[in-house]
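For reference, target-v3.cif is printed below; it contains mmCIF, C-alpha atoms and all ligand atoms.
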```cif
data_model
loop_
_atom_site.label_atom_id
_atom_site.label_comp_id
_atom_site.auth_asym_id
_atom_site.auth_seq_id
_atom_site.Cartn_x
_atom_site.Cartn_y
_atom_site.Cartn_z
CA MET W 1 37.73 -5.56 -28.76
CA SER W 2 36.55 -2.58 -30.77
CA GLU W 3 37.99 0.89 -30.37
CA LYS W 4 34.62 2.11 -29.10
CA THR W 5 34.75 0.50 -25.67
CA PHE W 6 34.97 3.68 -23.64
CA THR W 7 31.63 4.83 -22.34
CA PHE W 8 32.88 8.22 -21.25
CA LYS W 9 35.05 10.84 -22.81
CA GLU W 10 38.68 10.11 -22.06
CA ASP W 11 39.22 12.60 -19.24
CA TRP W 12 36.26 11.23 -17.24
CA ASN W 13 37.78 7.76 -17.47
CA ILE W 14 41.04 9.13 -16.10
CA PHE W 15 39.23 11.04 -13.36
CA PHE W 16 37.26 8.00 -12.19
CA MET W 17 40.33 5.76 -12.24
CA GLN W 18 42.19 8.37 -10.18
CA LYS W 19 39.32 8.24 -7.68
CA ALA W 20 39.65 4.44 -7.61
CA GLN W 21 43.35 4.99 -6.89
CA LEU W 22 42.42 7.28 -4.00
CA MET W 23 40.15 4.52 -2.66
CA SER W 24 43.12 2.14 -2.75
CA THR W 25 45.01 4.39 -0.31
CA ARG W 26 42.54 3.32 2.42
CA SER W 27 43.63 -0.33 2.22
CA LYS W 28 45.70 -1.54 5.16
CA ASP W 29 47.21 -4.41 3.18
CA PRO W 30 50.96 -3.79 3.31
CA SER W 31 51.65 -5.50 -0.04
CA THR W 32 48.63 -4.88 -2.31
CA LYS W 33 46.34 -1.88 -2.21
CA VAL W 34 43.47 -2.02 -4.70
CA GLY W 35 40.60 0.42 -5.21
CA CYS W 36 37.34 0.05 -7.11
CA LEU W 37 34.76 2.61 -8.18
CA ILE W 38 31.34 1.84 -9.67
CA VAL W 39 29.83 4.60 -11.81
CA SER W 40 26.50 4.97 -13.61
CA PRO W 41 26.45 5.61 -17.38
CA ASP W 42 25.53 9.23 -16.62
CA ARG W 43 28.65 9.64 -14.47
CA VAL W 44 27.20 9.37 -10.96
CA ILE W 45 29.39 7.48 -8.49
CA LEU W 46 27.28 4.61 -7.15
CA SER W 47 29.69 2.67 -4.97
CA ALA W 48 33.33 2.19 -4.08
CA GLY W 49 35.54 -0.29 -2.25
CA TYR W 50 39.07 -1.29 -1.39
CA ASN W 51 40.63 -4.57 -0.32
CA GLY W 52 40.46 -5.34 3.36
CA PHE W 53 39.00 -7.44 6.16
CA PRO W 54 35.24 -7.44 6.71
CA ARG W 55 33.69 -4.93 9.11
CA GLY W 56 34.41 -5.87 12.71
CA ILE W 57 37.41 -8.06 11.82
CA LYS W 58 40.54 -6.53 13.30
CA ASP W 59 43.43 -5.35 11.10
CA THR W 60 46.18 -6.61 13.37
CA PRO W 61 49.78 -6.55 12.10
CA GLU W 62 49.98 -10.32 12.77
CA ARG W 63 47.13 -10.96 10.35
CA LEU W 64 48.22 -8.36 7.78
CA ASN W 65 51.77 -9.68 7.60
CA ASP W 66 50.99 -13.40 7.47
CA ARG W 67 49.56 -14.53 4.13
CA ASP W 68 47.99 -17.65 5.65
CA LEU W 69 46.04 -15.44 8.06
CA LYS W 70 45.44 -12.59 5.63
CA TYR W 71 44.17 -14.19 2.42
CA PRO W 72 41.22 -16.12 3.90
CA ARG W 73 39.97 -12.92 5.55
CA VAL W 74 40.49 -10.32 2.80
CA VAL W 75 37.58 -9.09 0.72
CA HIS W 76 38.75 -7.76 -2.66
CA SER W 77 37.97 -4.17 -3.66
CA GLU W 78 35.54 -5.12 -6.43
CA THR W 79 33.60 -7.45 -4.14
CA ASN W 80 33.53 -4.78 -1.44
CA ALA W 81 32.22 -2.23 -3.93
CA ILE W 82 29.40 -4.66 -4.86
CA ILE W 83 28.69 -5.36 -1.17
CA ASN W 84 28.61 -1.64 -0.37
CA ALA W 85 26.07 -1.11 -3.14
CA VAL W 86 23.91 -3.97 -1.84
CA ARG W 87 24.26 -2.67 1.71
CA ASN W 88 22.89 0.70 0.60
CA GLY W 89 20.28 -0.67 -1.80
CA THR W 90 21.99 0.85 -4.84
CA ILE W 91 21.39 -0.69 -8.26
CA ILE W 92 24.68 -1.27 -10.06
CA ARG W 93 23.42 -3.31 -13.00
CA ASP W 94 24.60 -1.72 -16.25
CA ALA W 95 27.24 0.35 -14.41
CA ILE W 96 30.84 1.02 -15.39
CA VAL W 97 33.48 -0.42 -13.08
CA PHE W 98 36.94 1.07 -12.50
CA VAL W 99 39.53 -1.04 -10.69
CA THR W 100 43.22 -0.39 -10.09
CA GLN W 101 44.34 -3.84 -11.24
CA PRO W 102 42.81 -6.55 -13.44
CA PRO W 103 40.11 -8.43 -11.49
CA CYS W 104 40.63 -11.98 -10.23
CA PRO W 105 38.20 -14.66 -11.48
CA GLU W 106 36.21 -14.62 -8.23
CA CYS W 107 35.47 -10.89 -8.49
CA THR W 108 34.96 -11.18 -12.24
CA LYS W 109 32.24 -13.79 -11.73
CA MET W 110 30.38 -11.39 -9.48
CA LEU W 111 30.84 -8.45 -11.86
CA VAL W 112 29.62 -10.56 -14.78
CA ASN W 113 26.60 -11.73 -12.82
CA THR W 114 25.83 -8.15 -11.78
CA GLU W 115 25.64 -7.48 -15.52
CA ILE W 116 27.94 -4.49 -15.52
CA ARG W 117 28.19 -2.58 -18.76
CA GLU W 118 31.95 -2.19 -18.97
CA LEU W 119 35.18 -2.73 -17.01
CA LEU W 120 38.13 -0.36 -17.05
CA HIS W 121 41.24 -1.45 -15.17
CA MET W 122 44.88 -0.66 -14.66
CA ASP W 123 47.65 -2.99 -15.73
CA LEU W 124 48.93 -5.60 -13.31
CA ASP W 125 51.80 -4.47 -11.13
CA GLU W 126 55.10 -5.37 -12.82
CA ASN W 127 56.34 -7.38 -9.85
CA LYS W 128 53.14 -9.43 -9.83
CA LYS W 129 53.21 -10.40 -13.48
CA ASP W 130 55.50 -13.34 -12.93
CA LEU W 131 53.96 -14.63 -9.73
CA PRO W 132 52.83 -18.23 -10.24
CA GLY W 133 49.23 -18.52 -11.34
CA TRP W 134 48.53 -14.84 -12.00
CA ARG W 135 48.66 -14.93 -15.78
CA GLU W 136 46.40 -17.94 -15.92
CA LYS W 137 43.97 -16.38 -13.45
CA LEU W 138 43.73 -13.17 -15.46
CA HIS W 139 43.23 -15.13 -18.63
CA ILE W 140 40.17 -16.77 -17.04
CA SER W 141 38.84 -13.35 -15.97
CA PHE W 142 39.24 -11.86 -19.44
CA ASP W 143 37.78 -14.96 -21.10
CA MET W 144 34.67 -14.72 -18.92
CA LEU W 145 34.24 -11.01 -19.66
CA ASP W 146 34.60 -11.69 -23.40
CA GLU W 147 32.16 -14.57 -23.32
CA ALA W 148 29.61 -12.48 -21.43
CA GLY W 149 30.07 -9.63 -23.92
CA ILE W 150 31.40 -7.13 -21.36
CA PRO W 151 33.99 -4.75 -22.86
CA HIS W 152 37.17 -4.32 -20.84
CA LYS W 153 40.12 -2.07 -21.36
CA ILE W 154 43.32 -0.93 -19.67
CA ILE W 155 43.76 2.71 -18.70
CA PRO W 156 47.47 3.42 -19.19
CA ASN W 157 49.56 4.26 -16.13
CA GLU W 158 50.94 7.41 -17.75
CA PHE W 159 47.65 9.24 -17.09
CA LEU W 160 47.32 8.13 -13.48
CA PHE W 161 48.90 8.71 -10.06
CA THR W 162 52.29 7.07 -9.59
CA GLN W 163 52.91 4.87 -6.55
CA GLN W 164 55.03 7.67 -5.12
CA GLU W 165 52.23 10.20 -5.58
CA LEU W 166 49.78 7.88 -3.85
CA ALA W 167 52.23 7.38 -0.98
CA ASN W 168 52.52 11.17 -0.65
CA ILE W 169 48.73 11.54 -0.68
CA ARG W 170 48.43 8.85 2.01
CA ALA W 171 51.06 10.63 4.10
CA ARG W 172 49.03 13.85 3.90
CA GLN W 173 45.85 11.95 4.87
CA LEU W 174 47.65 10.67 7.97
CA LYS W 175 48.51 14.25 8.90
CA GLY W 176 44.78 14.56 9.58
CA LEU W 177 45.34 12.47 12.69
CA GLU W 178 47.26 15.41 14.12
CA LEU W 179 44.42 17.89 13.62
ZN ZN S 1 39.17 -10.31 -6.70
#
```
Take the structure in this file and express it as structure tokens.
Amino acid sequence: MSEKTFTFKEDWNIFFMQKAQLMSTRSKDPSTKVGCLIVSPDRVILSAGYNGFPRGIKDTPERLNDRDLKYPRVVHSETNAIINAVRNGTIIRDAIVFVTQPPCPECTKMLVNTEIRELLHMDLDENKKDLPGWREKLHISFDMLDEAGIPHKIIPNEFLFTQQELANIRARQLKGLEL
């Protein structure tokens, strides 16, 4: 991949990925919180999503804490961001996509078929890297993006919110319940 994959100046890329991180704080998944932001080439935010159950499907602790109940119901953040755009009639073809982890092949297929311009993502969580199947899955995602000619690049963690910072932000959001 060439050096010239970034559509925006560096600080905009950081800003949009931070906003994707803020989206991830809305996820009720106790183990994996992922956020996605879809942005036009002229820096207008078009859509956003996080991983979670579809509208009207209850986030019960039983479902959230049982993988066999959770996985078949969860919509990934990237897919939700696409759905939210469709729901609002927003064109996201040729957009730039920010996601807080590398996309799975299922979401990648949809992003490729949407004909996005570019994908920027965070690195995979350290404790996920060795989970069975993950490396192979990501390889398929990256292969598809390469074959479709869609540039993709990691935004390094050092510029972004830490997990602790996000937890603190979420704690302050929850204070809103007391208002
Ligand atoms: Zn996915």
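When the distance limit is 7 Å and all atoms listed in the file are what count, the residues near range 20-37 of chain W, minus those fewer than 6 positions from it on the same chain, are W:Ser47, W:Ala48, W:Gly49, W:Tyr50, W:Asn51, W:Gly52, W:Leu64, W:Ser77, W:Glu78, W:Ala81, W:Val97, W:Phe98, W:Val99, W:Thr100, W:Gln101, W:Leu166, W:Arg170.
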Taking all atoms listed in the file into account, which residues are within 6 Å of ligand ZN 1 (chain S), as a PDB file with C-alpha atoms, in the coordinates of the input?
```
ATOM      1  CA  HIS W  76      38.750  -7.760  -2.660  1.00  0.00           C
ATOM      2  CA  PRO W 103      40.110  -8.430 -11.490  1.00  0.00           C
ATOM      3  CA  CYS W 104      40.630 -11.980 -10.230  1.00  0.00           C
ATOM      4  CA  GLU W 106      36.210 -14.620  -8.230  1.00  0.00           C
ATOM      5  CA  CYS W 107      35.470 -10.890  -8.490  1.00  0.00           C
TER       6      CYS W 107
END
```
Original post:
Mind pulling up the distance from CA of Asn65 in chain W to CA of Gly176 in chain W?
Top reply: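 Answer for the CA of Gly176 in chain W to CA of Asn65 in chain W separation: 25.3 Å.
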Each range 27-128 of chain W residue no farther than 6 Å from range 133-150 of chain W, nearest pair in Å, only C-alpha atoms, as a tab-separated table:
```
residue	atom	partner	partner_atom	distance
W:Pro105	CA	W:Ser141	CA	4.7
W:Thr108	CA	W:Ser141	CA	5.8
W:Glu118	CA	W:Ile150	CA	5.5
```
**OP:** Go through W:Pro54, W:Pro132, W:Pro151, W:Pro61 one by one, measure the shortest atom-to-atom distance of each to Arg117 in chain W using all atoms listed in the file, and give the residue with the smallest value.
**Re:** W:Pro151
Subject >> Between CA of Pro72 in chain W and CA of Asn88 in chain W, distance in Å (one decimal) >> reply: 25.1 Å
Subject >> Pick from W:Trp12, W:Leu174, W:Leu160, W:His121, whichever lies nearest to Asp42 in chain W using all atoms listed in the file >> reply: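 Residue with the minimum atom-to-atom distance to Asp42 in chain W: W:Trp12.
For the choices W:Lys129, W:Arg43, W:Arg55, W:Lys9, the atom-to-atom distance to Asn84 in chain W is smallest for W:Arg55 when using only C-alpha atoms.
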Original post:
Which one is closest to Leu124 in chain W: W:Pro41, W:Leu111, W:Phe159, W:Pro102? Count all atoms listed in the file.
Top reply: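 Residue with the minimum atom-to-atom distance to Leu124 in chain W: W:Pro102.
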Original post:
Any idea what the distance is between CA of His152 in chain W and CA of Lys109 in chain W?
Top reply: 14.0 Å
Subject >> Distance criterion (all atoms listed in the file): nearest to Asn13 in chain W out of W:Ile154, W:Gly56, W:Thr79, W:Asp125 >> reply: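 Ranked by minimum distance to Asn13 in chain W, first place goes to W:Ile154.
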Subject >> Which of W:Ile169, W:Val74, W:Leu179, W:Leu131 sits closest to Ile57 in chain W [using only C-alpha atoms] >> reply: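 Among the listed residues, W:Val74 lies closest to Ile57 in chain W.
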**OP:** Mind checking which residues fall within 9 Å of Ile116 in chain W, counting all atoms listed in the file, ignoring those fewer than 6 positions away in the same chain, and posting them as a list in words?
**Re:**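 Non-adjacent residues within range: Ile92, Arg93, Asp94, Ala95, Ile96, Val97 and Ile150 of chain W.
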Take every atom of range 149-161 of chain W listed in the file, pad by 8 Å on each side, and give me the axis-aligned box centre and edge lengths in Å, one decimal, as AutoDock Vina command-line options.
```
--center_x 40.5 --center_y -0.2 --center_z -17.0 --size_x 36.9 --size_y 34.9 --size_z 29.9
```
Pop range 94-133 of chain W out of the structure in the block and write N, CA and C atoms as a compact mmCIF listing (two decimals), in the first residue's frame.
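Result written to decode-v5.txt:
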```txt
# COMPACT_ATOMS: atom_id res chain seq x y z
N ASP W 94 -18.29 5.92 -2.00
CA ASP W 94 -17.12 6.79 -2.10
C ASP W 94 -16.78 7.48 -0.77
N ALA W 95 -17.33 6.99 0.34
CA ALA W 95 -17.05 7.58 1.65
C ALA W 95 -15.82 6.94 2.28
N ILE W 96 -15.37 7.55 3.36
CA ILE W 96 -14.24 7.04 4.13
C ILE W 96 -14.80 6.45 5.42
N VAL W 97 -14.36 5.23 5.74
CA VAL W 97 -14.92 4.51 6.88
C VAL W 97 -13.87 4.38 7.98
N PHE W 98 -14.28 4.73 9.20
CA PHE W 98 -13.42 4.61 10.38
C PHE W 98 -14.02 3.56 11.29
N VAL W 99 -13.23 2.58 11.70
CA VAL W 99 -13.77 1.53 12.58
C VAL W 99 -12.72 1.16 13.62
N THR W 100 -13.18 0.89 14.84
CA THR W 100 -12.25 0.77 15.96
C THR W 100 -11.62 -0.63 16.09
N GLN W 101 -11.83 -1.49 15.11
CA GLN W 101 -11.03 -2.71 14.98
C GLN W 101 -11.07 -3.12 13.51
N PRO W 102 -10.21 -4.02 13.08
CA PRO W 102 -10.27 -4.43 11.68
C PRO W 102 -11.62 -5.11 11.41
N PRO W 103 -12.21 -4.89 10.24
CA PRO W 103 -13.54 -5.45 9.97
C PRO W 103 -13.49 -6.95 9.68
N CYS W 104 -14.54 -7.64 10.08
CA CYS W 104 -14.68 -9.07 9.77
C CYS W 104 -15.02 -9.21 8.29
N PRO W 105 -14.87 -10.39 7.70
CA PRO W 105 -15.18 -10.56 6.28
C PRO W 105 -16.62 -10.21 5.91
N GLU W 106 -17.57 -10.49 6.80
CA GLU W 106 -18.97 -10.19 6.48
C GLU W 106 -19.18 -8.69 6.30
N CYS W 107 -18.65 -7.88 7.24
CA CYS W 107 -18.78 -6.43 7.10
C CYS W 107 -17.95 -5.93 5.93
N THR W 108 -16.79 -6.53 5.73
CA THR W 108 -15.92 -6.10 4.62
C THR W 108 -16.63 -6.28 3.29
N LYS W 109 -17.34 -7.40 3.12
CA LYS W 109 -18.07 -7.63 1.87
C LYS W 109 -19.03 -6.49 1.60
N MET W 110 -19.72 -6.07 2.67
CA MET W 110 -20.70 -4.99 2.49
C MET W 110 -20.03 -3.66 2.20
N LEU W 111 -18.90 -3.40 2.88
CA LEU W 111 -18.16 -2.15 2.63
C LEU W 111 -17.62 -2.12 1.21
N VAL W 112 -17.11 -3.27 0.76
CA VAL W 112 -16.57 -3.35 -0.61
C VAL W 112 -17.69 -3.11 -1.61
N ASN W 113 -18.84 -3.73 -1.36
CA ASN W 113 -19.94 -3.59 -2.31
C ASN W 113 -20.60 -2.22 -2.28
N THR W 114 -20.41 -1.51 -1.16
CA THR W 114 -20.87 -0.12 -1.07
C THR W 114 -19.95 0.79 -1.89
N GLU W 115 -18.79 0.25 -2.24
CA GLU W 115 -17.75 1.00 -2.96
C GLU W 115 -17.27 2.19 -2.16
N ILE W 116 -16.85 1.90 -0.93
CA ILE W 116 -16.24 2.96 -0.13
C ILE W 116 -14.89 3.35 -0.74
N ARG W 117 -14.44 4.51 -0.40
CA ARG W 117 -13.18 5.01 -0.98
C ARG W 117 -11.97 4.48 -0.21
N GLU W 118 -12.13 4.36 1.12
CA GLU W 118 -10.97 4.07 1.95
C GLU W 118 -11.43 3.56 3.31
N LEU W 119 -10.63 2.71 3.94
CA LEU W 119 -10.95 2.21 5.28
C LEU W 119 -9.79 2.51 6.22
N LEU W 120 -10.10 3.16 7.32
CA LEU W 120 -9.11 3.37 8.37
C LEU W 120 -9.60 2.62 9.60
N HIS W 121 -8.71 1.86 10.24
CA HIS W 121 -9.14 1.05 11.37
C HIS W 121 -8.08 1.05 12.45
N MET W 122 -8.50 0.63 13.64
CA MET W 122 -7.54 0.44 14.72
C MET W 122 -7.02 -0.99 14.67
N ASP W 123 -5.98 -1.24 15.40
CA ASP W 123 -5.41 -2.58 15.46
C ASP W 123 -6.34 -3.49 16.25
N LEU W 124 -6.20 -4.78 16.04
CA LEU W 124 -7.02 -5.73 16.79
C LEU W 124 -6.54 -5.78 18.24
N ASP W 125 -7.49 -5.80 19.14
CA ASP W 125 -7.22 -5.93 20.56
C ASP W 125 -6.19 -7.05 20.80
N GLU W 126 -5.19 -6.76 21.62
CA GLU W 126 -4.12 -7.75 21.88
C GLU W 126 -4.67 -9.11 22.29
N ASN W 127 -5.67 -9.09 23.19
CA ASN W 127 -6.16 -10.39 23.69
C ASN W 127 -7.07 -11.10 22.69
N LYS W 128 -7.31 -10.47 21.55
CA LYS W 128 -8.10 -11.16 20.51
C LYS W 128 -7.20 -11.78 19.44
N LYS W 129 -5.96 -11.30 19.40
CA LYS W 129 -5.08 -11.67 18.29
C LYS W 129 -4.86 -13.18 18.18
N ASP W 130 -4.89 -13.85 19.32
CA ASP W 130 -4.62 -15.28 19.29
C ASP W 130 -5.87 -16.14 19.36
N LEU W 131 -7.04 -15.50 19.35
CA LEU W 131 -8.27 -16.29 19.34
C LEU W 131 -8.34 -17.08 18.04
N PRO W 132 -8.77 -18.34 18.12
CA PRO W 132 -8.80 -19.18 16.92
C PRO W 132 -9.63 -18.53 15.81
N GLY W 133 -9.06 -18.52 14.61
CA GLY W 133 -9.82 -18.05 13.46
C GLY W 133 -9.68 -16.57 13.15
```
